[in-house]
Amino acid sequence: MPELPEVETVRRGLEPVFVKQTFEKVTVNRPDLRWPFPDNMADRIAGTTVNALRRRSKYILADLDSGETLLIHLGMSGRIQITGATLGGFYHDHVAAQKHDHVIFDMTSGARIVFNDPRRFGAMDLISTADQNAQLLLRKLGPEPLGNTFHADYLVEALAGKKTPIKSALLDQRIIAGLGNIYVCEALFRAGISPEKLAGKVSKARVIALVPIIRNVLEEAIESGGSSLRDYRQADGELGYFQHSFQVYDREGKECAKAGCSGSVKRIVQSGRSSFFCPKCQR
DNA sequence: ATGGGGGCCTGCCGGC
DNA sequence: TGCCGGCAGGCCCCCA
């Protein structure tokens, strides 16, 4: 389920068990996720210490003291579970192996980090820390929506003349990195822009307004995830995604959440993906 | 070059 | 209860 805010929440949850910590043993239970794992992945990680834990778009990046960076992508169904560590005052005992536990990191601290991914749309790779753009997945990414290079001038330029619907454009990771189906729907709702509107036809003023809206939607979700993370005390140690209240996503047929709007949420399919919006106040 | 659709996987949910 | 179709928050690849 992970879009940028969920990935950032997971990254923050991993910090105490990864940063400055050392891998004792890495267990790899299958040869691949979406793609084959890099050669000797387990041996290249074991014995290294994590210098820093970063996020780029929906990728989690652990810089190892070996000069390599461990890249983790959660895909659609990837989950991370932490046991054997005291987190937020709660100690989680190791649990029995689950179906789809594909990679297990045992740290010298005693913490165990399990990557579980039923659909296997996730990915792991080892890349050069010094030359991360050698990784094609990272090279093509557009600006971070919460970073300095994402601003009004950029977005106006990036959308100019685009004949694709604004919904598709905002999902395009080359234009903006980290948005997924939910937060695009939510941002367009707040902006009052129809997902069907062609990107190049959205007025400049509305594109400019979209920038802080996108930032706010993401920041609120991260804040919400962060607070649930501080409190989380699930017995199995899973980094739970917070329950978040969406205004349009998955609300087909419900009344529009905008004050004073009498419309109702409609679901359409664009590029094979559901879009939720209020036809009355999103134009 | 650019945009749309198919495909990758498994699990879950609603309808019959 | 069981089966089946549809759907899922990502992303690459191919084709027009």
# chains A, B, ... in the order shown; residues from 1 in each chain; ligands from 1

$ interface_residues --of "chain B" --to "chain A" --cutoff "7 Å" --atoms "only C-alpha atoms (C1' of nucleotides)" --output "list in words"
DG3, DG4, DC9 and DT10 of chain B

$ interface_residues --of "chain A" --to "chain C" --cutoff "12 Å" --atoms "only C-alpha atoms (C1' of nucleotides)" --output "CSV table (one decimal) with all heavy atoms, in the first residue's frame"
chain,number,residue,atom,x,y,z
A,1,MET,N,0.8,-1.2,0.0
A,1,MET,CA,0.0,0.0,0.0
A,1,MET,C,0.8,1.2,0.0
A,1,MET,O,0.4,2.3,0.3
A,1,MET,CB,-0.8,0.0,1.3
A,1,MET,CG,-1.2,-1.4,1.7
A,1,MET,SD,-2.4,-1.3,3.0
A,1,MET,CE,-3.1,-2.9,2.8
A,2,PRO,N,2.1,1.1,-0.2
A,2,PRO,CA,2.9,2.2,0.1
A,2,PRO,C,3.1,3.2,-0.9
A,2,PRO,O,3.6,2.9,-2.0
A,2,PRO,CB,4.3,1.5,0.4
A,2,PRO,CG,4.2,0.2,-0.2
A,2,PRO,CD,2.8,-0.1,-0.6
A,3,GLU,N,2.7,4.4,-0.6
A,3,GLU,CA,3.1,5.6,-1.4
A,3,GLU,C,4.2,6.3,-0.5
A,3,GLU,O,4.6,5.8,0.5
A,3,GLU,CB,2.0,6.5,-1.7
A,3,GLU,CG,0.9,5.7,-2.5
A,3,GLU,CD,-0.3,6.6,-3.0
A,3,GLU,OE1,-0.1,7.8,-3.1
A,3,GLU,OE2,-1.4,6.1,-3.1
A,4,LEU,N,4.6,7.5,-1.0
A,4,LEU,CA,5.7,8.2,-0.3
A,4,LEU,C,5.5,8.3,1.2
A,4,LEU,O,6.4,7.9,2.0
A,4,LEU,CB,5.9,9.6,-0.9
A,4,LEU,CG,7.1,10.4,-0.4
A,4,LEU,CD1,7.5,11.4,-1.5
A,4,LEU,CD2,6.8,11.1,0.9
A,5,PRO,N,4.3,8.7,1.7
A,5,PRO,CA,4.2,8.8,3.2
A,5,PRO,C,4.4,7.5,4.0
A,5,PRO,O,5.0,7.5,5.0
A,5,PRO,CB,2.8,9.4,3.4
A,5,PRO,CG,2.4,10.0,2.1
A,5,PRO,CD,3.1,9.2,1.1
A,6,GLU,N,3.8,6.4,3.4
A,6,GLU,CA,4.0,5.1,4.0
A,6,GLU,C,5.4,4.7,4.0
A,6,GLU,O,5.9,4.1,5.0
A,6,GLU,CB,3.1,4.1,3.3
A,6,GLU,CG,1.6,4.3,3.5
A,6,GLU,CD,1.0,5.5,2.6
A,6,GLU,OE1,1.7,5.8,1.6
A,6,GLU,OE2,0.0,6.0,3.0
A,7,VAL,N,6.1,4.9,2.9
A,7,VAL,CA,7.5,4.5,2.8
A,7,VAL,C,8.3,5.3,3.8
A,7,VAL,O,9.2,4.8,4.5
A,7,VAL,CB,8.0,4.7,1.4
A,7,VAL,CG1,9.5,4.4,1.3
A,7,VAL,CG2,7.3,3.8,0.4
A,34,ARG,N,10.5,-8.8,-7.7
A,34,ARG,CA,10.1,-8.5,-9.1
A,34,ARG,C,11.2,-8.8,-10.1
A,34,ARG,O,11.0,-9.2,-11.2
A,34,ARG,CB,9.8,-7.0,-9.2
A,34,ARG,CG,9.5,-6.6,-10.6
A,34,ARG,CD,8.7,-5.4,-10.7
A,34,ARG,NE,8.3,-5.2,-12.1
A,34,ARG,CZ,7.6,-4.2,-12.5
A,34,ARG,NH1,7.2,-3.3,-11.7
A,34,ARG,NH2,7.3,-4.0,-13.8
A,35,TRP,N,12.5,-8.6,-9.6
A,35,TRP,CA,13.6,-8.9,-10.4
A,35,TRP,C,14.5,-9.8,-9.6
A,35,TRP,O,14.4,-9.9,-8.4
A,35,TRP,CB,14.4,-7.7,-10.8
A,35,TRP,CG,13.6,-6.7,-11.7
A,35,TRP,CD1,13.3,-6.9,-13.0
A,35,TRP,CD2,13.0,-5.5,-11.3
A,35,TRP,NE1,12.6,-5.9,-13.5
A,35,TRP,CE2,12.4,-5.0,-12.4
A,35,TRP,CE3,13.0,-4.7,-10.1
A,35,TRP,CZ2,11.7,-3.7,-12.4
A,35,TRP,CZ3,12.3,-3.5,-10.1
A,35,TRP,CH2,11.7,-3.1,-11.3
A,57,SER,N,11.9,9.0,-3.3
A,57,SER,CA,10.6,8.6,-3.8
A,57,SER,C,10.1,7.4,-2.9
A,57,SER,O,10.0,7.5,-1.7
A,57,SER,CB,10.7,8.2,-5.3
A,57,SER,OG,9.5,7.8,-5.8
A,58,LYS,N,9.7,6.3,-3.5
A,58,LYS,CA,9.2,5.2,-2.7
A,58,LYS,C,10.3,4.1,-2.5
A,58,LYS,O,10.0,3.0,-2.1
A,58,LYS,CB,8.0,4.5,-3.5
A,58,LYS,CG,6.9,5.5,-3.7
A,58,LYS,CD,5.9,4.9,-4.7
A,58,LYS,CE,4.9,6.0,-5.2
A,58,LYS,NZ,4.0,5.6,-6.3
A,59,TYR,N,11.5,4.5,-2.6
A,59,TYR,CA,12.6,3.6,-2.4
A,59,TYR,C,13.3,3.9,-1.0
A,59,TYR,O,13.5,5.1,-0.7
A,59,TYR,CB,13.7,3.7,-3.4
A,59,TYR,CG,13.2,3.3,-4.8
A,59,TYR,CD1,12.7,4.3,-5.7
A,59,TYR,CD2,13.3,2.0,-5.3
A,59,TYR,CE1,12.2,4.0,-6.9
A,59,TYR,CE2,12.8,1.7,-6.5
A,59,TYR,CZ,12.3,2.6,-7.4
A,59,TYR,OH,11.8,2.3,-8.6
A,73,HIS,N,12.4,-1.7,-2.2
A,73,HIS,CA,11.1,-1.1,-2.7
A,73,HIS,C,10.0,-2.1,-2.2
A,73,HIS,O,10.1,-3.3,-2.3
A,73,HIS,CB,11.1,-1.0,-4.2
A,73,HIS,CG,9.9,-0.2,-4.7
A,73,HIS,ND1,8.7,-0.6,-4.8
A,73,HIS,CD2,9.9,1.1,-5.2
A,73,HIS,CE1,7.9,0.3,-5.3
A,73,HIS,NE2,8.6,1.4,-5.5
A,74,LEU,N,8.9,-1.5,-1.7
A,74,LEU,CA,7.9,-2.4,-1.1
A,74,LEU,C,6.8,-2.8,-2.1
A,74,LEU,O,5.9,-3.6,-1.8
A,74,LEU,CB,7.2,-1.6,0.0
A,74,LEU,CG,8.1,-1.2,1.2
A,74,LEU,CD1,7.4,-0.2,2.1
A,74,LEU,CD2,8.6,-2.4,1.9
A,75,GLY,N,6.9,-2.3,-3.3
A,75,GLY,CA,5.9,-2.6,-4.3
A,75,GLY,C,4.5,-2.3,-3.9
A,75,GLY,O,4.2,-1.3,-3.3
A,76,MET,N,3.5,-3.2,-4.1
A,76,MET,CA,2.2,-3.0,-3.7
A,76,MET,C,1.9,-3.6,-2.3
A,76,MET,O,1.1,-3.1,-1.6
A,76,MET,CB,1.2,-3.7,-4.7
A,76,MET,CG,1.2,-3.0,-6.0
A,76,MET,SD,0.0,-1.7,-6.1
A,76,MET,CE,-1.4,-2.6,-6.8
A,77,SER,N,2.5,-4.7,-2.0
A,77,SER,CA,2.1,-5.5,-0.8
A,77,SER,C,3.3,-5.8,0.1
A,77,SER,O,3.2,-6.6,1.0
A,77,SER,CB,1.5,-6.8,-1.3
A,77,SER,OG,2.4,-7.6,-2.1
A,78,GLY,N,4.4,-5.1,-0.1
A,78,GLY,CA,5.6,-5.3,0.8
A,78,GLY,C,5.4,-4.8,2.2
A,78,GLY,O,4.8,-3.7,2.4
A,119,ARG,N,2.7,-10.3,-3.1
A,119,ARG,CA,2.6,-10.2,-4.6
A,119,ARG,C,3.9,-10.1,-5.3
A,119,ARG,O,4.0,-10.2,-6.5
A,119,ARG,CB,1.7,-9.0,-4.9
A,119,ARG,CG,0.2,-9.2,-4.5
A,119,ARG,CD,-0.6,-8.0,-4.7
A,119,ARG,NE,-0.8,-7.7,-6.1
A,119,ARG,CZ,-1.5,-6.7,-6.6
A,119,ARG,NH1,-2.0,-5.8,-5.7
A,119,ARG,NH2,-1.7,-6.5,-7.8
A,120,ARG,N,4.9,-9.9,-4.5
A,120,ARG,CA,6.3,-9.8,-5.1
A,120,ARG,C,6.5,-8.8,-6.1
A,120,ARG,O,7.2,-9.0,-7.1
A,120,ARG,CB,6.7,-11.2,-5.6
A,120,ARG,CG,6.7,-12.3,-4.5
A,120,ARG,CD,7.6,-13.4,-4.8
A,120,ARG,NE,7.5,-14.0,-6.1
A,120,ARG,CZ,6.6,-15.0,-6.4
A,120,ARG,NH1,5.8,-15.5,-5.4
A,120,ARG,NH2,6.5,-15.5,-7.6
A,121,PHE,N,5.8,-7.6,-6.0
A,121,PHE,CA,6.0,-6.5,-6.9
A,121,PHE,C,7.1,-5.6,-6.3
A,121,PHE,O,7.6,-4.6,-6.9
A,121,PHE,CB,4.8,-5.6,-7.0
A,121,PHE,CG,3.7,-6.3,-7.9
A,121,PHE,CD1,2.5,-5.7,-8.0
A,121,PHE,CD2,3.9,-7.5,-8.5
A,121,PHE,CE1,1.5,-6.3,-8.7
A,121,PHE,CE2,2.9,-8.0,-9.3
A,121,PHE,CZ,1.7,-7.4,-9.4
A,122,GLY,N,7.6,-6.0,-5.1
A,122,GLY,CA,8.7,-5.3,-4.5
A,122,GLY,C,10.0,-5.6,-5.1
A,122,GLY,O,10.1,-6.4,-6.1
A,123,ALA,N,11.1,-5.0,-4.6
A,123,ALA,CA,12.4,-5.2,-5.2
A,123,ALA,C,13.5,-5.0,-4.1
A,123,ALA,O,13.3,-4.2,-3.2
A,123,ALA,CB,12.6,-4.3,-6.4
A,136,LEU,N,19.0,2.4,-12.8
A,136,LEU,CA,18.1,3.0,-13.8
A,136,LEU,C,16.8,3.5,-13.1
A,136,LEU,O,16.2,4.5,-13.4
A,136,LEU,CB,17.7,2.0,-14.9
A,136,LEU,CG,17.5,2.6,-16.3
A,136,LEU,CD1,18.7,3.3,-16.7
A,136,LEU,CD2,17.1,1.5,-17.2
A,137,LEU,N,16.3,2.7,-12.1
A,137,LEU,CA,15.1,3.1,-11.4
A,137,LEU,C,15.2,4.4,-10.7
A,137,LEU,O,14.3,5.2,-10.7
A,137,LEU,CB,14.8,2.0,-10.3
A,137,LEU,CG,14.6,0.6,-10.8
A,137,LEU,CD1,14.6,-0.4,-9.6
A,137,LEU,CD2,13.4,0.5,-11.6
A,171,LEU,N,0.9,10.9,-11.6
A,171,LEU,CA,1.3,9.5,-11.3
A,171,LEU,C,2.7,9.2,-12.0
A,171,LEU,O,3.3,8.2,-11.6
A,171,LEU,CB,0.3,8.5,-11.7
A,171,LEU,CG,-0.9,8.2,-10.8
A,171,LEU,CD1,-1.8,7.2,-11.5
A,171,LEU,CD2,-0.4,7.7,-9.5
A,172,ASP,N,3.1,10.0,-12.9
A,172,ASP,CA,4.3,9.7,-13.7
A,172,ASP,C,5.5,10.1,-12.8
A,172,ASP,O,5.7,11.3,-12.5
A,172,ASP,CB,4.3,10.6,-14.9
A,172,ASP,CG,5.5,10.3,-15.9
A,172,ASP,OD1,6.5,9.8,-15.4
A,172,ASP,OD2,5.4,10.6,-17.1
A,173,GLN,N,6.3,9.1,-12.4
A,173,GLN,CA,7.4,9.3,-11.5
A,173,GLN,C,8.5,10.2,-12.0
A,173,GLN,O,9.3,10.7,-11.3
A,173,GLN,CB,7.9,8.0,-11.0
A,173,GLN,CG,6.9,7.0,-10.4
A,173,GLN,CD,6.3,7.6,-9.1
A,173,GLN,OE1,7.0,7.8,-8.1
A,173,GLN,NE2,5.0,7.9,-9.1
A,174,ARG,N,8.5,10.3,-13.4
A,174,ARG,CA,9.5,11.2,-14.0
A,174,ARG,C,9.2,12.7,-13.8
A,174,ARG,O,10.0,13.5,-13.8
A,174,ARG,CB,9.6,10.9,-15.5
A,174,ARG,CG,10.2,9.5,-15.8
A,174,ARG,CD,10.0,9.1,-17.2
A,174,ARG,NE,8.5,9.2,-17.6
A,174,ARG,CZ,8.1,8.9,-18.8
A,174,ARG,NH1,8.9,8.5,-19.7
A,174,ARG,NH2,6.8,9.0,-19.0
A,178,GLY,N,7.0,9.9,-6.2
A,178,GLY,CA,6.5,9.4,-4.9
A,178,GLY,C,5.0,9.4,-4.7
A,178,GLY,O,4.5,8.8,-3.8
A,179,LEU,N,4.3,10.1,-5.6
A,179,LEU,CA,2.9,10.1,-5.5
A,179,LEU,C,2.4,8.8,-6.1
A,179,LEU,O,2.9,8.2,-7.1
A,179,LEU,CB,2.3,11.2,-6.3
A,179,LEU,CG,2.5,12.6,-5.8
A,179,LEU,CD1,1.7,13.6,-6.7
A,179,LEU,CD2,2.0,12.8,-4.4
A,180,GLY,N,1.3,8.2,-5.5
A,180,GLY,CA,0.6,7.1,-6.0
A,180,GLY,C,-0.8,7.4,-6.2
A,180,GLY,O,-1.3,8.6,-6.1
A,181,ASN,N,-1.6,6.4,-6.4
A,181,ASN,CA,-3.0,6.6,-6.8
A,181,ASN,C,-3.8,7.3,-5.7
A,181,ASN,O,-4.6,8.2,-6.0
A,181,ASN,CB,-3.7,5.2,-7.1
A,181,ASN,CG,-4.8,5.3,-8.0
A,181,ASN,OD1,-4.9,6.2,-8.9
A,181,ASN,ND2,-5.8,4.4,-7.9
A,182,ILE,N,-3.6,7.0,-4.5
A,182,ILE,CA,-4.4,7.6,-3.4
A,182,ILE,C,-4.1,9.1,-3.3
A,182,ILE,O,-5.0,9.9,-3.3
A,182,ILE,CB,-4.1,7.0,-2.0
A,182,ILE,CG1,-4.6,5.6,-2.0
A,182,ILE,CG2,-4.7,7.9,-0.9
A,182,ILE,CD1,-4.3,4.9,-0.7
A,183,TYR,N,-2.8,9.5,-3.2
A,183,TYR,CA,-2.5,10.9,-2.9
A,183,TYR,C,-2.7,11.8,-4.1
A,183,TYR,O,-3.0,13.0,-4.0
A,183,TYR,CB,-1.1,11.0,-2.3
A,183,TYR,CG,-1.1,10.4,-0.9
A,183,TYR,CD1,-0.5,9.1,-0.7
A,183,TYR,CD2,-1.8,10.9,0.1
A,183,TYR,CE1,-0.5,8.5,0.5
A,183,TYR,CE2,-1.9,10.3,1.4
A,183,TYR,CZ,-1.3,9.1,1.6
A,183,TYR,OH,-1.3,8.5,2.8
A,184,VAL,N,-2.7,11.2,-5.3
A,184,VAL,CA,-3.0,12.0,-6.5
A,184,VAL,C,-4.5,12.3,-6.5
A,184,VAL,O,-4.9,13.4,-6.7
A,184,VAL,CB,-2.7,11.2,-7.8
A,184,VAL,CG1,-3.3,11.9,-9.0
A,184,VAL,CG2,-1.2,11.2,-8.0
A,185,CYS,N,-5.3,11.3,-6.1
A,185,CYS,CA,-6.8,11.5,-6.0
A,185,CYS,C,-7.1,12.6,-5.0
A,185,CYS,O,-7.9,13.5,-5.2
A,185,CYS,CB,-7.5,10.2,-5.7
A,185,CYS,SG,-7.6,9.0,-7.0
A,241,TYR,N,0.7,0.4,8.7
A,241,TYR,CA,0.4,1.7,8.0
A,241,TYR,C,-0.8,2.3,8.8
A,241,TYR,O,-1.7,1.6,9.2
A,241,TYR,CB,0.0,1.4,6.6
A,241,TYR,CG,1.0,0.8,5.8
A,241,TYR,CD1,0.9,-0.4,5.2
A,241,TYR,CD2,2.3,1.4,5.7
A,241,TYR,CE1,1.9,-1.0,4.5
A,241,TYR,CE2,3.3,0.8,5.0
A,241,TYR,CZ,3.1,-0.4,4.4
A,241,TYR,OH,4.1,-0.9,3.6
A,249,TYR,N,-10.7,9.0,-2.0
A,249,TYR,CA,-10.2,7.7,-2.4
A,249,TYR,C,-11.1,6.6,-1.7
A,249,TYR,O,-11.4,6.6,-0.5
A,249,TYR,CB,-8.8,7.5,-1.9
A,249,TYR,CG,-8.3,6.2,-2.4
A,249,TYR,CD1,-7.9,6.0,-3.7
A,249,TYR,CD2,-8.3,5.1,-1.6
A,249,TYR,CE1,-7.5,4.8,-4.2
A,249,TYR,CE2,-7.9,3.8,-2.1
A,249,TYR,CZ,-7.5,3.7,-3.4
A,249,TYR,OH,-7.1,2.5,-3.9
A,250,ASP,N,-11.6,5.7,-2.6
A,250,ASP,CA,-12.4,4.6,-2.1
A,250,ASP,C,-13.7,5.0,-1.5
A,250,ASP,O,-14.2,4.3,-0.6
A,250,ASP,CB,-11.6,3.7,-1.2
A,250,ASP,CG,-12.0,2.2,-1.2
A,250,ASP,OD1,-12.7,1.8,-2.2
A,250,ASP,OD2,-11.8,1.5,-0.2
A,269,VAL,N,-12.2,4.8,-14.5
A,269,VAL,CA,-10.9,4.1,-14.7
A,269,VAL,C,-10.1,4.9,-15.7
A,269,VAL,O,-10.6,5.2,-16.8
A,269,VAL,CB,-11.1,2.7,-15.2
A,269,VAL,CG1,-9.8,2.0,-15.5
A,269,VAL,CG2,-11.9,1.9,-14.1
A,272,GLY,N,-6.2,2.2,-16.7
A,272,GLY,CA,-6.4,1.0,-15.9
A,272,GLY,C,-6.4,1.1,-14.4
A,272,GLY,O,-6.4,0.1,-13.7
A,273,ARG,N,-6.5,2.4,-13.9
A,273,ARG,CA,-6.5,2.6,-12.5
A,273,ARG,C,-7.7,3.4,-12.1
A,273,ARG,O,-8.1,4.3,-12.8
A,273,ARG,CB,-5.2,3.3,-12.0
A,273,ARG,CG,-4.0,2.9,-12.8
A,273,ARG,CD,-2.8,2.4,-12.0
A,273,ARG,NE,-2.9,2.2,-10.7
A,273,ARG,CZ,-2.0,2.7,-9.8
A,273,ARG,NH1,-0.9,3.3,-10.3
A,273,ARG,NH2,-2.1,2.4,-8.6
A,274,SER,N,-8.2,3.1,-10.9
A,274,SER,CA,-9.4,3.8,-10.4
A,274,SER,C,-9.0,5.3,-10.1
A,274,SER,O,-8.0,5.5,-9.5
A,274,SER,CB,-9.9,3.2,-9.1
A,274,SER,OG,-10.4,1.9,-9.4

$ select_by_dssp --residues "stretch 102-264 of chain A" --states "helix (DSSP H, G or I)" --output "PyMOL selection string"
chain A and resi 132-134+136-139+152-159+166-171+181-191+199-201+204-231

$ residues_around --residues "A:Arg251" --least-positions-apart "2" --cutoff "9 Å" --atoms "only C-alpha atoms (C1' of nucleotides)" --output "list in words"
Phe246, Gln247, Val248, Tyr249, Gly253, Lys254, Glu255, Cys256, Ser264, Val265, Lys266, Arg267, Phe276 and Phe277 of chain A

$ residues_around --residues "A:Gln132" --least-positions-apart "4" --cutoff "12 Å" --atoms "only C-alpha atoms (C1' of nucleotides)" --output "VMD selection string"
chain A and resid 56 61 to 63 67 to 71 125 to 128 136 to 141

$ write_last_selection --atoms "N, CA and C atoms" --output "PDB file, in the first residue's frame"
ATOM      1  N   ARG A  56      14.248   7.858  -1.199  1.00  0.00           N
ATOM      2  CA  ARG A  56      14.122   8.595  -2.456  1.00  0.00           C
ATOM      3  C   ARG A  56      12.862   8.073  -3.113  1.00  0.00           C
ATOM      4  N   LEU A  61      16.685   3.493   1.077  1.00  0.00           N
ATOM      5  CA  LEU A  61      18.093   3.325   0.724  1.00  0.00           C
ATOM      6  C   LEU A  61      18.940   3.263   1.992  1.00  0.00           C
ATOM      7  N   ALA A  62      19.588   2.134   2.195  1.00  0.00           N
ATOM      8  CA  ALA A  62      20.471   1.973   3.356  1.00  0.00           C
ATOM      9  C   ALA A  62      21.913   2.008   2.872  1.00  0.00           C
ATOM     10  N   ASP A  63      22.641   3.069   3.253  1.00  0.00           N
ATOM     11  CA  ASP A  63      24.045   3.184   2.861  1.00  0.00           C
ATOM     12  C   ASP A  63      24.887   2.322   3.794  1.00  0.00           C
ATOM     13  N   GLY A  67      30.433   0.572   0.965  1.00  0.00           N
ATOM     14  CA  GLY A  67      30.418   1.367  -0.262  1.00  0.00           C
ATOM     15  C   GLY A  67      29.211   1.044  -1.142  1.00  0.00           C
ATOM     16  N   GLU A  68      28.411   0.104  -0.672  1.00  0.00           N
ATOM     17  CA  GLU A  68      27.201  -0.204  -1.420  1.00  0.00           C
ATOM     18  C   GLU A  68      25.980   0.310  -0.659  1.00  0.00           C
ATOM     19  N   THR A  69      24.911   0.518  -1.420  1.00  0.00           N
ATOM     20  CA  THR A  69      23.646   0.944  -0.826  1.00  0.00           C
ATOM     21  C   THR A  69      22.600  -0.130  -1.084  1.00  0.00           C
ATOM     22  N   LEU A  70      21.948  -0.534  -0.028  1.00  0.00           N
ATOM     23  CA  LEU A  70      20.857  -1.502  -0.155  1.00  0.00           C
ATOM     24  C   LEU A  70      19.582  -0.757  -0.497  1.00  0.00           C
ATOM     25  N   LEU A  71      19.009  -1.105  -1.647  1.00  0.00           N
ATOM     26  CA  LEU A  71      17.769  -0.473  -2.107  1.00  0.00           C
ATOM     27  C   LEU A  71      16.604  -1.418  -1.837  1.00  0.00           C
ATOM     28  N   ASP A 125      17.935  -4.386  -4.236  1.00  0.00           N
ATOM     29  CA  ASP A 125      19.127  -4.333  -5.078  1.00  0.00           C
ATOM     30  C   ASP A 125      20.267  -3.774  -4.248  1.00  0.00           C
ATOM     31  N   LEU A 126      21.467  -4.016  -4.710  1.00  0.00           N
ATOM     32  CA  LEU A 126      22.653  -3.395  -4.123  1.00  0.00           C
ATOM     33  C   LEU A 126      23.280  -2.526  -5.196  1.00  0.00           C
ATOM     34  N   ILE A 127      23.456  -1.246  -4.879  1.00  0.00           N
ATOM     35  CA  ILE A 127      23.985  -0.315  -5.872  1.00  0.00           C
ATOM     36  C   ILE A 127      25.178   0.422  -5.282  1.00  0.00           C
ATOM     37  N   SER A 128      25.949   1.026  -6.142  1.00  0.00           N
ATOM     38  CA  SER A 128      27.092   1.803  -5.678  1.00  0.00           C
ATOM     39  C   SER A 128      26.599   3.070  -4.981  1.00  0.00           C
ATOM     40  N   LEU A 136      18.988   2.390 -12.843  1.00  0.00           N
ATOM     41  CA  LEU A 136      18.054   3.006 -13.776  1.00  0.00           C
ATOM     42  C   LEU A 136      16.780   3.474 -13.086  1.00  0.00           C
ATOM     43  N   LEU A 137      16.348   2.715 -12.077  1.00  0.00           N
ATOM     44  CA  LEU A 137      15.103   3.056 -11.387  1.00  0.00           C
ATOM     45  C   LEU A 137      15.223   4.432 -10.737  1.00  0.00           C
ATOM     46  N   LEU A 138      16.392   4.742 -10.198  1.00  0.00           N
ATOM     47  CA  LEU A 138      16.579   6.022  -9.514  1.00  0.00           C
ATOM     48  C   LEU A 138      16.873   7.146 -10.498  1.00  0.00           C
ATOM     49  N   ARG A 139      17.563   6.798 -11.565  1.00  0.00           N
ATOM     50  CA  ARG A 139      18.010   7.830 -12.500  1.00  0.00           C
ATOM     51  C   ARG A 139      16.846   8.594 -13.118  1.00  0.00           C
ATOM     52  N   LYS A 140      15.765   7.881 -13.371  1.00  0.00           N
ATOM     53  CA  LYS A 140      14.655   8.497 -14.111  1.00  0.00           C
ATOM     54  C   LYS A 140      13.694   9.283 -13.234  1.00  0.00           C
ATOM     55  N   LEU A 141      13.900   9.236 -11.928  1.00  0.00           N
ATOM     56  CA  LEU A 141      12.931   9.862 -11.033  1.00  0.00           C
ATOM     57  C   LEU A 141      12.943  11.381 -11.123  1.00  0.00           C
TER      58      LEU A 141
END

$ atom_distance --atom1 "atom CA of A:Phe37" --atom2 "atom CA of A:Ile175"
27.8 Å
